[in-house]
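Below: final-v3.cif (mmCIF, C-alpha atoms)
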data_query
loop_
_atom_site.label_atom_id
_atom_site.label_comp_id
_atom_site.auth_asym_id
_atom_site.auth_seq_id
_atom_site.Cartn_x
_atom_site.Cartn_y
_atom_site.Cartn_z
CA MET P 934 -0.23 16.48 4.39
CA ALA P 935 -0.64 14.23 7.41
CA ALA P 936 -3.17 12.07 5.59
CA LYS P 937 -0.83 11.67 2.64
CA ALA P 938 2.09 10.66 4.89
CA ILE P 939 -0.03 8.24 6.95
CA THR P 940 -1.25 6.56 3.77
CA TYR P 941 2.34 6.31 2.51
CA PHE P 942 3.72 4.63 5.64
CA PHE P 943 0.74 2.70 6.98
CA GLY P 944 -1.34 2.06 3.87
CA THR P 945 -0.18 -1.58 3.68
CA GLU P 946 -0.35 -4.40 6.22
CA PRO P 947 2.21 -5.10 7.53
CA TYR P 948 3.87 -1.72 7.07
CA PHE P 949 7.34 -2.91 8.19
CA SER P 950 9.30 -6.08 7.57
CA VAL P 951 11.98 -8.03 9.42
CA GLU P 952 14.52 -9.15 6.84
CA PRO P 953 17.13 -11.93 7.29
CA VAL P 954 20.79 -10.93 7.06
CA GLY P 955 22.21 -14.36 6.26
CA ALA P 956 20.79 -17.53 4.76
CA SER P 957 20.36 -19.09 8.21
CA ASP P 958 18.34 -16.13 9.51
CA THR P 959 15.18 -16.78 7.48
CA ASP P 960 13.30 -18.73 10.14
CA ILE P 961 14.06 -16.35 13.00
CA ALA P 962 13.24 -13.32 10.82
CA SER P 963 9.85 -14.83 10.02
CA ALA P 964 9.20 -15.58 13.69
CA MET P 965 10.25 -12.06 14.71
CA GLN P 966 7.94 -10.57 12.08
CA THR P 967 4.99 -12.52 13.47
CA LEU P 968 5.83 -11.59 17.06
CA ALA P 969 6.44 -7.92 16.24
CA ASP P 970 3.12 -7.64 14.38
CA LEU P 971 1.33 -9.23 17.33
CA LYS P 972 2.95 -6.93 19.90
CA MET P 973 2.34 -3.87 17.73
CA ASN P 974 -1.38 -4.64 17.65
CA ASP P 975 -1.66 -5.64 21.31
CA SER P 976 0.15 -2.51 22.53
CA ALA P 977 -1.66 -0.19 20.05
CA SER P 978 1.76 1.16 19.05
CA ASP P 979 0.81 1.30 15.38
CA SER P 980 -2.00 3.75 16.11
CA VAL P 981 0.45 5.83 18.17
CA LEU P 982 2.77 6.14 15.16
CA ARG P 983 -0.14 7.23 12.97
CA GLY P 984 -1.11 9.89 15.47
CA ALA P 985 2.53 10.96 15.82
CA VAL P 986 2.68 11.81 12.10
CA GLU P 987 -0.32 14.14 12.41
CA THR P 988 1.10 15.75 15.56
CA ALA P 989 4.45 16.25 13.82
CA PHE P 990 2.79 18.18 10.99
CA ASN P 991 0.89 20.31 13.52
CA LEU P 992 3.71 21.10 15.95
CA GLY P 993 6.87 20.45 13.93
CA GLU P 994 7.81 17.27 15.76
CA CYS P 995 6.33 14.54 17.92
CA VAL P 996 8.54 12.82 20.49
CA VAL P 997 7.66 9.16 21.02
CA LYS P 998 8.98 6.93 23.79
CA VAL P 999 9.84 3.26 23.24
CA THR P 1000 9.78 1.25 26.46
CA HIS P 1001 8.97 -2.17 27.87
CA ARG P 1002 5.72 -2.37 29.82
CA LYS P 1003 4.22 -5.04 32.02
CA SER P 1004 0.57 -4.45 32.79
CA SER P 1005 -0.82 -6.78 35.46
CA SER P 1006 -3.44 -6.89 38.18
CA PHE P 1007 -3.41 -8.63 41.54
CA TYR P 1008 -6.42 -10.27 43.12
CA ARG P 1009 -7.29 -12.90 45.72
CA ARG P 1010 -9.22 -16.11 45.32
CA ILE P 1011 -10.03 -19.18 47.37
CA MET P 1012 -8.31 -22.31 46.03
CA THR P 1013 -7.76 -25.89 47.15
CA VAL P 1014 -4.10 -26.81 46.72
CA ALA P 1015 -1.77 -29.71 47.50
CA VAL P 1016 0.38 -29.09 50.57
CA ALA P 1017 3.59 -30.60 51.90
CA GLY P 1018 3.88 -32.84 54.92
CA ASP P 1019 3.68 -29.91 57.32
CA GLY P 1020 0.15 -29.29 56.09
CA ASN P 1021 0.77 -25.59 55.37
CA THR P 1022 3.32 -25.21 52.54
CA PRO P 1023 1.69 -25.44 49.07
CA LEU P 1024 3.38 -27.73 46.54
CA LEU P 1025 4.47 -25.74 43.47
CA ALA P 1026 4.59 -27.01 39.91
CA GLN P 1027 7.39 -26.28 37.44
CA ASP P 1028 5.61 -23.09 36.37
CA GLY P 1029 5.85 -21.74 39.93
CA LEU P 1030 2.10 -22.00 40.64
CA PRO P 1031 0.45 -24.25 43.26
CA ILE P 1032 -0.95 -27.64 42.26
CA GLU P 1033 -4.73 -27.29 42.45
CA GLN P 1034 -7.28 -29.98 43.12
CA GLY P 1035 -8.83 -29.55 39.71
CA ASP P 1036 -5.57 -29.99 37.78
CA GLN P 1037 -5.36 -32.97 35.42
CA TRP P 1038 -2.52 -35.47 35.06
CA ILE P 1039 -1.45 -37.23 31.88
CA ASP P 1040 0.70 -40.26 31.13
CA ALA P 1041 4.14 -39.20 29.87
CA GLY P 1042 5.21 -42.79 29.12
CA ASP P 1043 6.41 -45.72 31.20
CA GLY P 1044 3.55 -45.10 33.59
CA VAL P 1045 4.89 -41.70 34.70
CA LEU P 1046 2.19 -39.13 35.36
CA VAL P 1047 2.94 -35.46 34.77
CA LEU P 1048 0.89 -32.34 35.27
CA LYS P 1049 -1.07 -31.62 32.09
CA ARG P 1050 -0.80 -27.87 32.71
CA ASP P 1051 2.95 -27.73 32.13
CA GLY P 1052 3.77 -31.23 30.89
CA MET P 1053 6.80 -31.48 33.22
CA THR P 1054 5.82 -31.70 36.89
CA PRO P 1055 5.80 -35.39 38.01
CA HIS P 1056 2.99 -36.66 40.21
CA PRO P 1057 4.21 -36.46 43.84
CA GLY P 1058 2.20 -39.51 44.95
CA ALA P 1059 -0.28 -39.20 47.81
CA LEU P 1060 -1.63 -35.67 48.00
CA THR P 1061 -2.94 -33.72 50.94
CA TRP P 1062 -5.33 -30.89 50.10
CA LYS P 1063 -5.95 -27.63 51.88
CA THR P 1064 -8.19 -24.65 51.09
CA ILE P 1065 -6.34 -21.33 51.22
CA LEU P 1066 -6.83 -17.67 50.26
CA ALA P 1067 -4.07 -16.96 47.77
CA ASP P 1068 -2.78 -13.84 46.00
CA GLU P 1069 -2.98 -14.18 42.23
CA GLU P 1070 -1.58 -12.10 39.38
CA ILE P 1071 -3.04 -11.75 35.90
CA THR P 1072 -0.89 -10.24 33.14
CA HIS P 1073 -2.74 -8.08 30.62
CA TYR P 1074 0.25 -7.15 28.48
CA ASN P 1075 3.97 -7.77 28.69
CA GLY P 1076 6.26 -6.42 26.00
CA PRO P 1077 7.48 -3.32 24.17
CA GLU P 1078 5.29 -0.36 23.41
CA ILE P 1079 5.52 3.06 21.75
CA THR P 1080 3.84 5.95 23.57
CA PRO P 1081 3.52 9.62 22.56
CA VAL P 1082 5.08 12.23 24.85
CA TYR P 1083 2.90 15.29 25.34
CA PHE P 1084 4.95 18.28 24.22
CA ARG P 1085 4.25 20.28 27.40
CA ASP P 1086 5.57 17.39 29.53
CA PHE P 1087 8.92 17.10 27.75
CA LEU P 1088 12.01 19.29 28.26
CA ALA P 1089 15.19 19.27 26.19
CA PRO P 1090 17.71 21.95 25.19
CA LEU P 1091 16.73 23.73 21.97
CA SER P 1092 20.40 23.85 20.99
CA ALA P 1093 20.86 20.05 21.05
CA ARG P 1094 21.38 18.23 17.75
CA SER P 1095 19.69 15.04 19.00
CA LEU P 1096 18.21 13.65 22.21
CA GLN P 1097 21.07 11.22 22.82
CA LYS P 1098 23.95 11.55 25.28
CA ASP P 1099 26.65 13.09 23.10
CA ASP P 1100 24.40 15.91 21.86
CA CYS P 1101 22.00 16.49 24.77
CA ASP P 1102 23.22 16.89 28.36
CA CYS P 1103 19.75 16.38 29.84
CA CYS P 1104 16.18 15.65 28.77
CA VAL P 1105 13.20 15.21 31.07
CA GLN P 1106 9.71 13.76 30.91
CA ILE P 1107 7.29 14.97 33.60
CA MET P 1108 4.56 12.56 34.74
CA ASP P 1109 1.89 12.22 37.43
CA MET P 1110 2.11 8.79 39.09
CA THR P 1111 1.10 7.13 42.34
CA ALA P 1112 3.51 5.18 44.54
CA SER P 1113 1.91 1.94 43.34
CA ALA P 1114 2.40 2.87 39.69
CA LEU P 1115 5.98 3.95 40.40
CA ALA P 1116 6.82 0.66 42.05
CA ALA P 1117 5.29 -1.36 39.22
CA ALA P 1118 7.11 0.69 36.58
CA TYR P 1119 10.58 1.05 38.11
CA MET P 1120 11.09 -0.97 41.29
CA GLN P 1121 9.58 -4.38 40.61
CA ASN P 1122 12.06 -6.96 39.31
CA PRO P 1123 10.86 -9.45 36.67
CA GLY P 1124 9.53 -12.67 38.11
CA GLU P 1125 8.80 -11.30 41.57
CA GLY P 1126 5.27 -11.20 42.90
CA LEU P 1127 2.97 -9.15 45.05
CA ASP P 1128 5.13 -9.24 48.19
CA SER P 1129 8.10 -7.60 46.48
CA LEU P 1130 5.80 -5.03 44.91
CA ARG P 1131 4.35 -4.13 48.30
CA THR P 1132 7.85 -3.75 49.70
CA ALA P 1133 8.79 -1.44 46.85
CA ILE P 1134 5.66 0.68 47.36
CA ASP P 1135 6.40 1.04 51.08
CA SER P 1136 10.01 2.02 50.39
CA ILE P 1137 8.87 4.75 47.98
CA ARG P 1138 6.38 6.13 50.49
CA ARG P 1139 8.99 6.20 53.22
CA ALA P 1140 11.55 7.84 50.93
CA ILE P 1141 9.30 10.73 50.00
CA ASN P 1142 7.51 10.80 53.37
CA SER P 1143 4.14 10.48 51.64
CA PRO P 1144 1.69 8.05 53.25
CA ARG P 1145 -1.63 7.21 51.67
CA GLN P 1146 -2.90 10.76 51.49
CA GLY P 1147 -5.51 10.90 48.78
CA GLN P 1148 -8.77 10.92 50.72
CA ALA P 1149 -11.59 8.96 49.19
CA ALA P 1150 -15.24 9.91 49.52
CA ALA P 1151 -16.48 9.56 53.10
CA SER P 1152 -18.30 6.26 53.59
CA ASN P 1153 -19.36 6.59 57.23
CA ARG P 1154 -23.06 5.84 57.57
CA PRO P 1155 -23.92 6.06 61.29
CA GLU P 1156 -27.57 5.36 60.60
CA LEU P 1157 -26.51 1.99 59.17
CA GLY P 1158 -24.12 1.25 61.99
CA ASP P 1159 -21.06 1.92 59.76
CA THR P 1160 -18.29 3.29 61.96
CA ALA P 1161 -15.27 2.26 59.86
CA PRO P 1162 -12.99 5.13 58.80
CA PRO P 1163 -13.19 6.14 55.16
CA GLU P 1164 -10.77 4.37 52.82
CA THR P 1165 -7.80 6.36 51.62
CA MET P 1166 -6.13 6.24 48.24
CA ASP P 1167 -2.64 6.70 46.87
CA ALA P 1168 -1.51 10.30 46.57
CA THR P 1169 -0.52 11.40 43.08
CA LEU P 1170 3.11 12.47 42.80
CA GLN P 1171 4.73 14.69 40.20
CA ILE P 1172 7.60 12.65 38.84
CA GLY P 1173 10.47 13.65 36.60
CA GLU P 1174 12.21 10.99 34.52
CA PHE P 1175 15.63 12.49 33.80
CA TYR P 1176 18.20 11.25 31.30
CA ILE P 1177 21.42 13.01 32.30
CA ARG P 1178 25.03 13.12 31.19
CA PHE P 1179 26.78 12.95 34.57
CA ASP P 1180 30.01 11.67 36.16
CA ALA P 1181 28.28 9.38 38.65
CA ASP P 1182 31.37 7.54 39.97
CA MET P 1183 33.77 10.52 39.92
CA ASP P 1184 36.23 8.88 37.51
CA GLY P 1185 36.42 11.88 35.19
CA TYR P 1186 34.16 10.35 32.53
CA GLU P 1187 30.52 11.34 32.16
CA GLU P 1188 28.07 8.44 31.97
CA ASP P 1189 24.50 8.42 30.67
CA VAL P 1190 22.28 8.05 33.73
CA MET P 1191 18.52 7.66 34.15
CA LEU P 1192 17.05 9.23 37.30
CA VAL P 1193 13.45 9.13 38.51
CA MET P 1194 12.77 11.87 41.05
CA ASP P 1195 9.83 13.27 43.01
CA LEU P 1196 9.76 16.89 41.87
CA ASN P 1197 7.95 18.16 44.97
CA THR P 1198 10.52 16.88 47.49
CA ASN P 1199 13.52 16.43 45.14
CA THR P 1200 13.77 12.84 46.39
CA PRO P 1201 15.50 10.36 44.05
CA ILE P 1202 13.41 7.20 43.71
CA PHE P 1203 15.27 5.17 41.10
CA TYR P 1204 18.53 5.65 39.21
CA ASP P 1205 20.78 3.52 37.05
CA HIS P 1206 23.00 3.64 33.98
CA VAL P 1207 20.90 3.88 30.82
CA PRO P 1208 22.38 0.68 29.25
CA ASN P 1209 21.08 -1.20 32.32
CA VAL P 1210 17.58 0.14 31.72
CA VAL P 1211 17.28 0.22 27.92
CA ASP P 1212 18.39 -2.70 25.76
CA ASP P 1213 20.16 -0.71 23.05
CA GLY P 1214 21.80 1.66 25.55
CA LEU P 1215 20.12 4.71 23.97
CA ARG P 1216 17.63 7.07 25.54
CA PRO P 1217 14.09 5.93 24.70
CA PHE P 1218 12.98 9.24 23.13
CA ARG P 1219 12.84 9.56 19.35
CA PRO P 1220 11.49 12.63 17.55
CA ILE P 1221 9.38 12.24 14.41
CA LYS P 1222 9.51 15.38 12.28
CA PRO P 1223 8.49 16.23 8.68
CA THR P 1224 11.06 18.99 8.03
CA GLU P 1225 14.59 19.09 9.38
CA ILE P 1226 16.22 22.09 11.02
CA SER P 1227 19.96 21.84 10.52
CA GLY P 1228 21.71 20.92 13.77
CA ARG P 1229 18.54 20.69 15.87
CA TRP P 1230 16.52 17.75 17.21
CA TYR P 1231 13.16 19.39 16.45
CA GLY P 1232 11.58 20.31 13.12
CA VAL P 1233 9.13 22.60 11.34
CA GLY P 1234 5.43 21.80 11.03
CA ALA P 1235 2.97 22.52 8.26
CA ILE P 1236 1.52 25.56 10.05
CA GLU P 1237 4.91 27.24 10.34
CA MET P 1238 5.83 26.09 6.83
CA CYS P 1239 2.83 27.91 5.35
CA GLU P 1240 3.19 30.96 7.58
CA GLN P 1241 4.16 33.36 4.78
CA SER P 1242 1.24 32.29 2.62
CA GLN P 1243 -1.06 32.54 5.62
CA GLU P 1244 0.10 36.07 6.39
CA GLY P 1245 -0.49 37.11 2.78
CA ILE P 1246 -4.00 35.71 2.77
CA ASP P 1247 -4.75 37.26 6.16
CA LEU P 1248 -3.66 40.67 4.89
CA LEU P 1249 -5.85 40.38 1.79
CA VAL P 1250 -8.88 39.18 3.76
CA ASN P 1251 -8.49 41.97 6.31
CA ARG P 1252 -8.29 44.59 3.56
CA ARG P 1253 -11.36 43.13 1.88
CA ASN P 1254 -13.30 43.15 5.17
CA ARG P 1255 -12.31 46.76 5.75
CA ASN P 1256 -13.52 47.75 2.28
CA GLN P 1257 -16.74 45.82 2.74
CA SER P 1258 -17.40 47.45 6.11
CA GLU P 1259 -16.98 50.89 4.55
CA ALA P 1260 -19.21 49.98 1.62
CA GLY P 1261 -22.99 50.40 1.87
CA ARG P 1262 -25.60 52.82 0.59
CA ILE P 1263 -26.46 56.51 0.69
CA THR P 1264 -30.09 57.67 0.89
CA LEU P 1265 -30.88 61.03 -0.73
CA THR P 1266 -34.11 62.69 0.38
CA ARG P 1267 -35.98 65.76 -0.96
CA PRO P 1268 -38.56 66.67 1.70
CA TYR P 1269 -39.53 69.86 -0.15
CA ASN P 1270 -41.18 67.65 -2.81
CA THR P 1271 -43.69 66.38 -0.23
CA VAL P 1272 -46.76 68.01 1.27
CA GLU P 1273 -45.33 67.42 4.75
CA GLY P 1274 -42.13 69.25 3.72
CA ASP P 1275 -44.03 72.50 3.17
CA ALA P 1276 -45.17 72.44 6.77
CA ASP P 1277 -41.76 71.42 8.16
CA PRO P 1278 -38.68 72.60 6.20
CA ASP P 1279 -36.47 70.43 8.48
CA LEU P 1280 -38.53 67.25 7.89
CA LYS P 1281 -36.54 64.07 8.67
CA MET P 1282 -37.48 61.26 6.35
CA ASN P 1283 -36.70 57.53 6.27
CA TYR P 1284 -38.24 56.89 9.71
CA GLY P 1285 -40.99 54.51 8.59
CA LYS P 1286 -43.62 57.24 8.36
CA THR P 1287 -46.02 57.97 5.50
CA TYR P 1288 -45.31 60.95 3.23
CA THR P 1289 -47.46 62.53 0.50
CA PRO P 1290 -45.61 63.54 -2.70
CA LYS P 1291 -46.69 66.76 -4.38
CA PRO P 1292 -48.64 66.51 -7.61
CA GLY P 1293 -46.45 65.38 -10.52
CA MET P 1294 -43.67 64.07 -8.25
CA LYS P 1295 -42.51 60.46 -8.54
CA ALA P 1296 -41.01 58.29 -5.79
CA GLU P 1297 -37.47 58.87 -7.01
CA ASP P 1298 -38.09 62.62 -6.82
CA VAL P 1299 -38.62 62.22 -3.06
CA VAL P 1300 -36.22 59.43 -2.01
CA GLU P 1301 -33.23 58.03 -3.96
CA THR P 1302 -30.79 55.31 -2.82
CA VAL P 1303 -27.22 55.09 -4.17
CA TYR P 1304 -25.28 51.79 -3.48
CA LEU P 1305 -21.51 51.86 -3.04
CA ASP P 1306 -20.07 48.71 -4.62
CA ASP P 1307 -16.68 47.12 -3.76
CA ASN P 1308 -14.99 46.89 -7.14
CA LYS P 1309 -11.86 45.21 -5.61
CA PHE P 1310 -13.56 41.97 -4.55
CA ASP P 1311 -12.88 39.91 -7.68
CA ARG P 1312 -9.22 40.90 -7.79
CA ILE P 1313 -8.68 40.07 -4.13
CA THR P 1314 -10.28 36.65 -4.69
CA GLU P 1315 -7.82 35.94 -7.48
CA GLU P 1316 -4.88 36.95 -5.28
CA ILE P 1317 -6.08 34.71 -2.42
CA GLU P 1318 -6.37 31.78 -4.82
CA PHE P 1319 -2.81 32.50 -5.97
CA TRP P 1320 -1.52 32.34 -2.39
CA MET P 1321 -3.46 29.13 -1.77
CA GLN P 1322 -2.04 27.60 -4.96
CA THR P 1323 1.46 28.54 -3.83
CA ALA P 1324 0.95 26.91 -0.42
CA MET P 1325 -0.54 23.78 -2.02
CA ASN P 1326 2.39 23.40 -4.38
CA GLU P 1327 4.92 24.02 -1.62
CA SER P 1328 3.32 21.41 0.61
CA GLY P 1329 3.19 18.75 -2.11
CA VAL P 1330 -0.61 18.48 -1.78
CA GLN P 1331 -2.33 19.08 -5.10
CA HIS P 1332 -5.89 20.20 -5.85
CA ALA P 1333 -8.19 20.91 -8.76
CA ASN P 1334 -6.61 24.23 -9.73
CA ASP P 1335 -3.39 22.54 -10.81
CA ASN P 1336 -4.62 22.07 -14.36
CA TYR P 1337 -4.73 25.87 -14.72
CA ALA P 1338 -1.02 26.29 -13.96
CA ALA P 1339 1.06 27.42 -16.92
CA GLY P 1340 2.32 24.56 -19.05
CA MET P 1341 0.31 21.91 -17.16
CA ASP P 1342 -1.49 19.24 -19.17
CA SER P 1343 -5.22 19.28 -18.74
CA ALA P 1344 -6.30 17.48 -15.56
CA LYS P 1345 -9.07 15.86 -17.58
CA LEU P 1346 -6.47 13.71 -19.37
CA ALA P 1347 -4.61 10.78 -17.86
CA THR P 1348 -1.28 12.45 -18.69
CA GLY P 1349 -2.22 15.56 -16.74
CA ILE P 1350 -3.41 13.55 -13.73
CA ARG P 1351 -0.14 11.57 -13.67
CA ASN P 1352 1.93 14.73 -13.97
CA VAL P 1353 0.05 16.37 -11.10
CA GLU P 1354 0.59 13.31 -8.91
CA LYS P 1355 4.24 13.01 -9.91
CA THR P 1356 4.94 16.65 -9.12
CA GLY P 1357 3.27 16.40 -5.75
CA ASN P 1358 5.18 13.24 -4.83
CA GLU P 1359 8.50 14.85 -5.77
CA LEU P 1360 7.84 17.84 -3.53
CA PHE P 1361 6.54 15.64 -0.70
CA ALA P 1362 9.41 13.12 -0.94
CA VAL P 1363 11.69 15.27 1.23
CA MET P 1364 9.17 15.26 4.08
CA ILE P 1365 8.59 11.52 3.65
CA SER P 1366 12.34 10.97 3.99
CA ASN P 1367 12.52 13.02 7.17
CA LEU P 1368 9.51 11.25 8.70
CA GLU P 1369 10.94 7.88 7.77
CA THR P 1370 14.05 8.51 9.87
CA GLY P 1371 12.04 8.89 13.08
CA ILE P 1372 9.52 6.14 12.31
CA GLN P 1373 12.30 3.70 11.36
CA ALA P 1374 14.22 4.44 14.57
CA SER P 1375 11.09 3.92 16.67
CA ILE P 1376 10.23 0.59 15.04
CA ASP P 1377 13.84 -0.61 15.29
CA ALA P 1378 13.84 0.21 19.01
CA PHE P 1379 10.48 -1.54 19.39
#
Full structure transcribed into structure tokens:
Amino acid sequence: MAAKAITYFFGTEPYFSVEPVGASDTDIASAMQTLADLKMNDSASDSVLRGAVETAFNLGECVVKVTHRKSSSFYRRIMTVAVAGDGNTPLLAQDGLPIEQGDQWIDAGDGVLVLKRDGMTPHPGALTWKTILADEEITHYNGPEITPVYFRDFLAPLSARSLQKDDCDCCVQIMDMTASALAAAYMQNPGEGLDSLRTAIDSIRRAINSPRQGQAAASNRPELGDTAPPETMDATLQIGEFYIRFDADMDGYEEDVMLVMDLNTNTPIFYDHVPNVVDDGLRPFRPIKPTEISGRWYGVGAIEMCEQSQEGIDLLVNRRNRNQSEAGRITLTRPYNTVEGDADPDLKMNYGKTYTPKPGMKAEDVVETVYLDDNKFDRITEEIEFWMQTAMNESGVQHANDNYAAGMDSAKLATGIRNVEKTGNELFAVMISNLETGIQASIDAF
């Protein structure tokens, strides 16, 4: 079932399209399509959606989270840069980065030289160079992404119709994060650098009273003259990301608030109104489910869907195993027809010993084996196949036995093959429609 749904949604490339609304929207729709395809591939969000479909059929639903992520690393390097008259302040180009000694200049016309790197910064004239150790940032990915939420790390009321504000008073995602990861995810403002990130990390540590606690492996080597203390690492914190319906300003109206809290100390780390955090003003969680439950945000998976058929097959298999365990053979012995039996009236046979039959006695006159056959096996097999056929038809997944169903054209003919496929697609169309609702919402949010 999951394979059939994945092929339906993601069997073409691209599997979604950005369509213009008006005649003047054609160019921007085409540009958005290109950008969205690029970001989907770079963030691996398309593979997340494929996996979410399989999880939804297993568990009944798969909650995915659509967020904006900036993944970057900081490092230091030695660079020779142009400095101002004081000899210490680096001269910055229009892109906010220092002018380096290796940068090239091009003629922008009328003899004006501009920095080739950005095409805008004019040449400042005489340059003074200085070698410095500078903090640098490299961005690995910056943009939207879709991530799966592990079902044991997500809490929401089972009575809620959806995961949004009006239907769900609170939903929570539980995560393990370090102070550094917390600052990068929630505290760092766009455009700010390493200094602001360090300040945010320190503020988080002070708030939760958690210094660098995670002890690294001891590196002291006295025999090598190493007396430095071992390096410590960031402690991992258990974080709850709450989306709550709450009257934050005491005006009598409940707002939708996002709160990030350390669950061990109950310390709030970050909080804001959801529309200030998410572009569309909605909570970022969207469930993908194959079968709807009326008035509930979760669904029914394939395992639960086939539960009745499974129980029927289990019952039949258990009965068959019981019958088979009771079946076997009976060995009938006549020791009085052997020479040894005359000497021992209570002779026990069938112990791997050698016995001498009396004259005129055949082997079957001494030992006879009667086998007890299970005459119910064939009938039970037919009943199990019936249950399997019922489950296959109910799921919309067809198999080779369909051509034996009453009134079905032979599967060896093209007409029969088309009818089998058509019937399966009709039964599966309801699940496709339900899955499409969650997938469409996730891609729209992306």
Name all residues at most 6 Å from Gln1106 (chain P) (count all atoms listed in the file; drop same-chain ones fewer than 2 positions away) and give them as a ChimeraX atom specification. /P:1086-1087,1173-1174
Which residues of region 1007-1103 of chain P come within 9 Å of region 1196-1219 of chain P, and for each one, what is the closest pair of atoms and their distance in Å to one decimal, counting only C-alpha atoms, sorted by chain and residue number, as JSON lines?
{"residue": "P:Val1082", "atom": "CA", "partner": "P:Phe1218", "partner_atom": "CA", "distance": 8.6}
{"residue": "P:Ser1095", "atom": "CA", "partner": "P:Arg1219", "partner_atom": "CA", "distance": 8.8}
{"residue": "P:Leu1096", "atom": "CA", "partner": "P:Phe1218", "partner_atom": "CA", "distance": 6.9}
{"residue": "P:Gln1097", "atom": "CA", "partner": "P:Arg1216", "partner_atom": "CA", "distance": 6.0}
{"residue": "P:Lys1098", "atom": "CA", "partner": "P:Arg1216", "partner_atom": "CA", "distance": 7.8}
Spell out the residues picked by the PyMOL selection byres ((chain P and resi 1054) around 12) here, as JSON, numbers by chain. {"P": [1024, 1025, 1026, 1027, 1028, 1029, 1030, 1031, 1032, 1036, 1037, 1038, 1039, 1040, 1041, 1045, 1046, 1047, 1048, 1049, 1050, 1051, 1052, 1053, 1055, 1056, 1057, 1058]}
In Å to one decimal, how far is CA of Ile1221 (chain P) from CA of Glu994 (chain P)? 5.4 Å
One decimal, Å: what's the distance from CA of Ser1328 (chain P) over to CA of Ile1079 (chain P), could you say? 28.1 Å
Nearest to Ala977 (chain P), chosen from P:Gly1042, P:Pro1090, P:Gly993, P:Gly1076, with only C-alpha atoms counted in the distances: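 The answer is P:Gly1076, which sits nearest to Ala977 (chain P).
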Two-atom distance - CA of Val1193 (chain P), CA of Ala1118 (chain P) (Å):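 Separation between CA of Val1193 (chain P) and CA of Ala1118 (chain P): 10.7 Å.
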Counting only C-alpha atoms, the option among P:Ile1317, P:Ala1168, P:Met973, P:Val996 closest to Leu1249 (chain P):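 Using only C-alpha atoms, Leu1249 (chain P) sits closest to P:Ile1317.
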Selection near Ile1071 (chain P), 7 Å with only C-alpha atoms, sequence-local residues under 6 positions removed, as a PDB file with C-alpha atoms, in the coordinates of the input:
ATOM      1  CA  SER P1005      -0.820  -6.780  35.460  1.00  0.00           C
ATOM      2  CA  SER P1006      -3.440  -6.890  38.180  1.00  0.00           C
ATOM      3  CA  PHE P1007      -3.410  -8.630  41.540  1.00  0.00           C
TER       4      PHE P1007
END
Could you expand the PyMOL selection byres ((chain P and resi 1263-1279) around 12) into the explicit residues it covers here, written as a compact mmCIF listing (two decimals) with C-alpha atoms, in the frame of the given file?
# COMPACT_ATOMS: atom_id res chain seq x y z
CA GLU P 1259 -16.98 50.89 4.55
CA ALA P 1260 -19.21 49.98 1.62
CA GLY P 1261 -22.99 50.40 1.87
CA ARG P 1262 -25.60 52.82 0.59
CA LEU P 1280 -38.53 67.25 7.89
CA LYS P 1281 -36.54 64.07 8.67
CA MET P 1282 -37.48 61.26 6.35
CA ASN P 1283 -36.70 57.53 6.27
CA TYR P 1284 -38.24 56.89 9.71
CA LYS P 1286 -43.62 57.24 8.36
CA THR P 1287 -46.02 57.97 5.50
CA TYR P 1288 -45.31 60.95 3.23
CA THR P 1289 -47.46 62.53 0.50
CA PRO P 1290 -45.61 63.54 -2.70
CA LYS P 1291 -46.69 66.76 -4.38
CA PRO P 1292 -48.64 66.51 -7.61
CA GLY P 1293 -46.45 65.38 -10.52
CA MET P 1294 -43.67 64.07 -8.25
CA LYS P 1295 -42.51 60.46 -8.54
CA ALA P 1296 -41.01 58.29 -5.79
CA GLU P 1297 -37.47 58.87 -7.01
CA ASP P 1298 -38.09 62.62 -6.82
CA VAL P 1299 -38.62 62.22 -3.06
CA VAL P 1300 -36.22 59.43 -2.01
CA GLU P 1301 -33.23 58.03 -3.96
CA THR P 1302 -30.79 55.31 -2.82
CA VAL P 1303 -27.22 55.09 -4.17
CA TYR P 1304 -25.28 51.79 -3.48
CA LEU P 1305 -21.51 51.86 -3.04
CA ASP P 1306 -20.07 48.71 -4.62
Using all atoms listed in the file, which residues sit within 12 Å of Arg1312 (chain P) once same-chain residues fewer than 6 positions away are excluded, as an NGL selection string? :P and (1249-1250 or 1252-1253 or 1318-1319)
Using all atoms listed in the file for the distances, tell me which of P:Phe943, P:Tyr948, P:Ile1172, P:Asn1075 is nearest to Val1105 (chain P). P:Ile1172
Using all atoms listed in the file, the residue out of P:Glu946, P:Glu987, P:Asp1109, P:Asp1102 with shortest distance to Leu1368 (chain P) is P:Glu987
If we count only C-alpha atoms, what is near Gly1228 (chain P) at a cut-off of 12 Å, once residues fewer than 3 positions away on the same chain are taken out, given as a PyMOL selection string? chain P and resi 1091-1096+1100-1101+1225+1231-1232
